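Enquirer: Got a structure for you, questions after.
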Amino acid sequence: MKLLITNIDQLINVRAVSKVLRGKEMAELPVIRDAYLWIEHGLIREYGEMSALKPHDATEVFDAAGASILPSWCDSHTHLVFAAGREEEFVDKIKGKSYAEIAANGGGILNSARKLNAMTEDALFELAWNRLSELMRLGTGAIEIKSGYGLCTEGELKMLRVIQRLKKESPIPIKASFLGAHTYPAVYKDNHQGYINEIIHQMLPAIKAEGLADYIDVFCEKGFFSPEETETICLAGIQQGLQPKIHANQLTLSKGTQTGVKLGAISVDHLETMDEDSIQSLANSSTIGTLLPTAAFFLGMPFQPARALLNAGCALALASDFNPGSSPSGNMNLVVCISCIQMKMLPEEAINAATLNGAYAMGLGNELGSITPGKRANLIFTKPISSPAYLPYAFGTNLIDKVMVNGVFI
């Protein structure tokens, strides 16, 4: 199919070629006013100003009628596959209970693990598919999904098989991360090395045999996995063909950022707690720092120091951290809003972080994240807006009019 879209008010994030954006580059968001966009076989072919539009052989013409178009959101950090919400813990937090108290009473990640391990693969798939479908309608055009609520070989494989089924059924690209090292299951509470051995010698070989994951992730944090344990697990994953992603510096100065950089991680994610050494380590690397502001928002934690990271020249992505415990929303529109309001990111920086750099944080930078010839036509059509800044400014308004995936409206 050859589709010509005309009368676009603003064609946002237009780039002849694309690359990871760093520091000051992230404030540059190229826009063409009164534009057209040519799509062929689900891919972007060309674009330009309406005044330069030449005779065409399009099989279909769509009049955007003044809508603005931008690349779809690329959400590079989620825990989309889970059995049930944890709203009872949400209420406990409101009443003043700490995370430690909730965990001591059987809550937290172990709560999600119990529920997941009691559910069938088919039931998990149905729940995850419904969530994914909703996120696509909210403008998400690529997504990463982690395991980590199985915490045993059978449970982790079940989660990854669900993600594999989502990959096959979904029209948008999906990346799978193995996060067996999310926490220590109760049975290994006093035998951490025993669980690490299970990850390395049982889970990873089975994952490789079935081709179930793209990345390996570890929660590098005090009380969870130390930098040394993180490195051991990631090196074992690398041997099985998995590139590292790290949960880093969420609660403490865990050295997760430095460990991720050392390992050549594609991204280090969270980064609520950063010092100058952590910031410079990231800035001097090719690793992307993925910020998850809705988790900090939901937990009432200090937000990530986005301005300090940008001023140092870091490459930043934004993601939702969609999960039942600390960020029960995958709405990337909200992520962009909170990033501007609470982390003082410029709208241009936030949109670049949630599109182009988010795509690169999943190894999809050559396919998605910008209006670039040859990339997938995964696009957001907005209601009338005066500028890209209006998207985060009008934080409580749904400004999405239509969503396109592979050149087809969904």
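Identifiers in this document derive from the order of the structure tokens: chains are assigned A, B, ..., residues are numbered from 1 separately in each chain, and ligands are numbered from 1 in order of occurrence.
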I'd like the contact shell of A:Gly374 - 8 Å cut-off, only C-alpha atoms, skipping same-chain residues fewer than 5 positions apart - returned as an MDAnalysis selection string.

Expert: chainID A and resid 43:45 367

Enquirer: Could you name the residues that touch stretch 113-127 of chain A at 12 Å or less, counting only C-alpha atoms, but leaving out those on the same chain fewer than 5 positions away, as a VMD selection string?

Expert: chain A and resid 80 to 86 106 to 108 132 to 134 147 to 170 180 182 to 186 324 to 325

Enquirer: Please provide the set of residues having any atom within 9 Å of stretch 356-360 of chain A, restricted to only C-alpha atoms, with same-chain residues fewer than 5 positions apart removed, written as number ranges by chain.

Expert: A: 13, 18-21, 71, 73-76, 142-143, 266, 288, 290, 315-319, 351, 365-370

Enquirer: Just the selected residues (C-alpha atoms), exported as a PDB file, in the first residue's frame, please.

Expert:
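Output file result.pdb is given in full below:
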```pdb
ATOM      1  CA  ASN A  13      10.961  14.690  15.240  1.00  0.00           C
ATOM      2  CA  SER A  18      19.058   9.209  13.361  1.00  0.00           C
ATOM      3  CA  LYS A  19      21.435   8.520  16.213  1.00  0.00           C
ATOM      4  CA  VAL A  20      21.413   8.388  20.001  1.00  0.00           C
ATOM      5  CA  LEU A  21      21.041  11.915  21.364  1.00  0.00           C
ATOM      6  CA  PRO A  71       6.713   8.953  16.218  1.00  0.00           C
ATOM      7  CA  TRP A  73       6.388   6.194  22.183  1.00  0.00           C
ATOM      8  CA  CYS A  74       9.156   3.613  22.672  1.00  0.00           C
ATOM      9  CA  ASP A  75       8.790   2.239  26.209  1.00  0.00           C
ATOM     10  CA  SER A  76      12.072   0.526  27.034  1.00  0.00           C
ATOM     11  CA  ALA A 142       7.508  -0.512  20.800  1.00  0.00           C
ATOM     12  CA  ILE A 143       7.966  -2.010  24.233  1.00  0.00           C
ATOM     13  CA  ILE A 266      22.638  -1.038  26.688  1.00  0.00           C
ATOM     14  CA  ILE A 288      21.817   5.036  27.956  1.00  0.00           C
ATOM     15  CA  THR A 290      16.667   5.330  31.387  1.00  0.00           C
ATOM     16  CA  ALA A 315      22.083  10.054  26.759  1.00  0.00           C
ATOM     17  CA  LEU A 316      18.679   9.698  28.443  1.00  0.00           C
ATOM     18  CA  ALA A 317      15.569   7.677  27.676  1.00  0.00           C
ATOM     19  CA  LEU A 318      12.200   7.725  29.411  1.00  0.00           C
ATOM     20  CA  ALA A 319      10.121   4.651  30.201  1.00  0.00           C
ATOM     21  CA  ILE A 351       9.830  13.763  23.617  1.00  0.00           C
ATOM     22  CA  GLY A 365      16.952   2.885  16.843  1.00  0.00           C
ATOM     23  CA  ASN A 366      17.189   1.934  13.174  1.00  0.00           C
ATOM     24  CA  GLU A 367      13.496   0.979  13.065  1.00  0.00           C
ATOM     25  CA  LEU A 368      11.637   3.462  15.234  1.00  0.00           C
ATOM     26  CA  GLY A 369      11.738   6.672  17.244  1.00  0.00           C
ATOM     27  CA  SER A 370      11.859   9.358  14.550  1.00  0.00           C
TER      28      SER A 370
END
```

Enquirer: Any idea what the distance is between atom CA of A:Met26 and atom CA of A:Asn323?

Expert: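 Computed distance, atom CA of A:Met26 to atom CA of A:Asn323, equals 27.4 Å.
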
Enquirer: May I have the residues within 6 Å of stretch 5-11 of chain A as number ranges by chain, using only C-alpha atoms and disregarding those fewer than 5 positions away in the same chain?

Expert: A: 31-37, 61-69

Enquirer: How would the residues just picked look written out with N, CA and C atoms as a CSV table (one decimal), in the first residue's frame?

Expert:
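What ended up in again_2.csv:
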```
chain,number,residue,atom,x,y,z
A,31,VAL,N,11.0,20.1,13.5
A,31,VAL,CA,9.6,20.0,13.2
A,31,VAL,C,9.4,20.7,11.8
A,32,ILE,N,8.5,20.1,11.0
A,32,ILE,CA,8.1,20.7,9.7
A,32,ILE,C,6.6,21.1,9.8
A,33,ARG,N,6.3,22.3,9.5
A,33,ARG,CA,5.0,22.8,9.5
A,33,ARG,C,4.3,22.6,8.1
A,34,ASP,N,3.0,22.4,8.2
A,34,ASP,CA,2.2,22.2,6.9
A,34,ASP,C,2.9,21.2,6.0
A,35,ALA,N,2.9,20.0,6.5
A,35,ALA,CA,3.7,18.9,5.9
A,35,ALA,C,2.9,17.8,5.3
A,36,TYR,N,3.6,17.0,4.5
A,36,TYR,CA,3.0,15.7,4.0
A,36,TYR,C,3.9,14.6,4.5
A,37,LEU,N,3.4,13.4,4.4
A,37,LEU,CA,4.2,12.2,4.8
A,37,LEU,C,3.8,11.1,3.9
A,61,VAL,N,-5.0,8.4,-0.1
A,61,VAL,CA,-4.6,9.7,0.5
A,61,VAL,C,-5.5,9.9,1.7
A,62,PHE,N,-4.8,10.3,2.8
A,62,PHE,CA,-5.5,10.6,4.0
A,62,PHE,C,-5.2,12.1,4.4
A,63,ASP,N,-6.2,12.9,4.6
A,63,ASP,CA,-6.1,14.3,4.9
A,63,ASP,C,-6.0,14.4,6.5
A,64,ALA,N,-4.8,14.8,7.0
A,64,ALA,CA,-4.7,14.9,8.4
A,64,ALA,C,-5.5,16.0,9.0
A,65,ALA,N,-5.9,17.0,8.2
A,65,ALA,CA,-6.8,18.0,8.6
A,65,ALA,C,-6.3,18.8,9.8
A,66,GLY,N,-5.0,19.1,9.7
A,66,GLY,CA,-4.4,19.9,10.8
A,66,GLY,C,-3.9,19.2,12.0
A,67,ALA,N,-4.0,17.9,12.0
A,67,ALA,CA,-3.4,17.1,13.1
A,67,ALA,C,-1.9,17.2,13.1
A,68,SER,N,-1.3,17.1,14.2
A,68,SER,CA,0.2,16.9,14.3
A,68,SER,C,0.5,15.4,14.4
A,69,ILE,N,1.7,15.1,13.9
A,69,ILE,CA,2.1,13.7,13.9
A,69,ILE,C,3.5,13.6,14.5
```

Enquirer: Set the distance at 10 Å and use only C-alpha atoms: which residues neighbour A:Ala295 once local chain neighbours fewer than 4 positions away are removed? I'd like the list as an mmCIF file with N, CA and C atoms, in the first residue's frame.

Expert:
```cif
data_model
loop_
_atom_site.group_PDB
_atom_site.id
_atom_site.type_symbol
_atom_site.label_atom_id
_atom_site.label_comp_id
_atom_site.auth_asym_id
_atom_site.auth_seq_id
_atom_site.Cartn_x
_atom_site.Cartn_y
_atom_site.Cartn_z
ATOM 1 N N GLN A 250 18.383 2.974 42.328
ATOM 2 C CA GLN A 250 17.012 3.397 42.638
ATOM 3 C C GLN A 250 16.899 3.890 44.073
ATOM 4 N N HIS A 270 16.446 3.569 36.213
ATOM 5 C CA HIS A 270 15.976 4.166 37.470
ATOM 6 C C HIS A 270 16.759 5.444 37.748
ATOM 7 N N GLU A 272 17.412 7.224 40.447
ATOM 8 C CA GLU A 272 16.918 8.231 41.387
ATOM 9 C C GLU A 272 18.021 8.749 42.294
ATOM 10 N N LEU A 291 15.282 6.864 32.629
ATOM 11 C CA LEU A 291 14.616 7.425 33.802
ATOM 12 C C LEU A 291 13.168 6.952 33.850
ATOM 13 N N LEU A 299 5.818 6.225 44.373
ATOM 14 C CA LEU A 299 6.419 5.878 45.662
ATOM 15 C C LEU A 299 6.701 7.097 46.542
ATOM 16 N N GLY A 300 6.506 8.288 46.010
ATOM 17 C CA GLY A 300 6.794 9.495 46.786
ATOM 18 C C GLY A 300 8.266 9.694 47.034
ATOM 19 N N MET A 301 9.099 9.265 46.089
ATOM 20 C CA MET A 301 10.547 9.388 46.216
ATOM 21 C C MET A 301 11.041 10.631 45.481
ATOM 22 N N PHE A 303 12.740 12.683 42.628
ATOM 23 C CA PHE A 303 12.840 12.375 41.210
ATOM 24 C C PHE A 303 14.293 12.332 40.756
ATOM 25 N N ALA A 319 10.949 5.851 30.291
ATOM 26 C CA ALA A 319 10.121 4.651 30.201
ATOM 27 C C ALA A 319 9.147 4.629 31.364
ATOM 28 N N SER A 320 8.150 3.750 31.274
ATOM 29 C CA SER A 320 7.045 3.774 32.238
ATOM 30 C C SER A 320 7.277 2.929 33.481
ATOM 31 N N ASP A 321 8.149 1.912 33.402
ATOM 32 C CA ASP A 321 8.319 0.958 34.507
ATOM 33 C C ASP A 321 6.982 0.303 34.881
ATOM 34 N N PHE A 322 6.077 0.154 33.954
ATOM 35 C CA PHE A 322 4.755 -0.407 34.233
ATOM 36 C C PHE A 322 4.885 -1.704 35.023
ATOM 37 N N ASN A 323 4.381 -1.696 36.261
ATOM 38 C CA ASN A 323 4.422 -2.886 37.107
ATOM 39 C C ASN A 323 3.389 -2.725 38.216
ATOM 40 N N GLY A 325 3.597 -2.959 41.461
ATOM 41 C CA GLY A 325 4.010 -2.525 42.786
ATOM 42 C C GLY A 325 4.383 -1.066 42.901
ATOM 43 N N SER A 326 5.112 -0.538 41.909
ATOM 44 C CA SER A 326 5.638 0.814 42.054
ATOM 45 C C SER A 326 5.298 1.754 40.907
ATOM 46 N N SER A 327 4.689 1.244 39.845
ATOM 47 C CA SER A 327 4.288 2.111 38.731
ATOM 48 C C SER A 327 3.165 1.438 37.944
ATOM 49 N N PRO A 328 1.971 1.386 38.516
ATOM 50 C CA PRO A 328 0.876 0.654 37.871
ATOM 51 C C PRO A 328 0.220 1.440 36.741
ATOM 52 N N SER A 329 1.036 1.955 35.839
ATOM 53 C CA SER A 329 0.556 2.659 34.656
ATOM 54 C C SER A 329 1.615 2.567 33.577
ATOM 55 N N VAL A 335 4.195 9.882 31.519
ATOM 56 C CA VAL A 335 5.636 9.873 31.778
ATOM 57 C C VAL A 335 6.277 11.153 31.239
#
```

Enquirer: Go through A:Ser98, A:Thr294, A:Thr287, A:Gln193 one by one, measure the shortest atom-to-atom distance of each to A:Thr78 using only C-alpha atoms, and give the residue with the smallest value.

Expert: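 Closest residue, counting only C-alpha atoms: A:Thr294.
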
Enquirer: From a backbone DSSP assignment, name each residue in stretch 141-356 of chain A labelled alpha helix (DSSP H), as number ranges by chain.

Expert: A: 153-169, 192-198, 204-210, 227-239, 256-263, 276-283, 293-299, 306-311, 332-343, 347-354, 356

Enquirer: Rank A:Ser177, A:Asn331, A:Thr230, A:Ser112 by their smallest atom-to-atom distance to A:Ile207, using only C-alpha atoms, and report the top residue only.

Expert: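 Looking only at the distances to A:Ile207, the closest residue turns out to be A:Ser177.
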
Enquirer: Which is closest to A:Gly396 among A:Ala16, A:Gly96, A:Cys337, A:Lys344, if we use only C-alpha atoms?

Expert: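 Smallest separation from A:Gly396 among the options: A:Cys337.
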
Enquirer: Find the distance between atom CA of A:Phe178 and atom CA of A:Pro305 and write it in Å to one decimal.

Expert: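 Between these atoms lies a distance of 27.4 Å.
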
Enquirer: Mind listing the strand (DSSP E) residues of stretch 56-208 of chain A, per DSSP on the backbone, as a ChimeraX atom specification?

Expert: /A:60-63,69-71,73-75,140-146,174-181

Enquirer: Could you list, as number ranges by chain, every residue within 12 Å of stretch 279-281 of chain A, counting only C-alpha atoms and ignoring same-chain residues fewer than 6 positions away?

Expert: A: 248-249, 253, 255-262, 264, 268, 271-273, 287-289, 304-316

Enquirer: Quick one: distance from atom CA of A:Asn197 to atom CA of A:Glu231 in Å, one decimal?

Expert: 13.6 Å
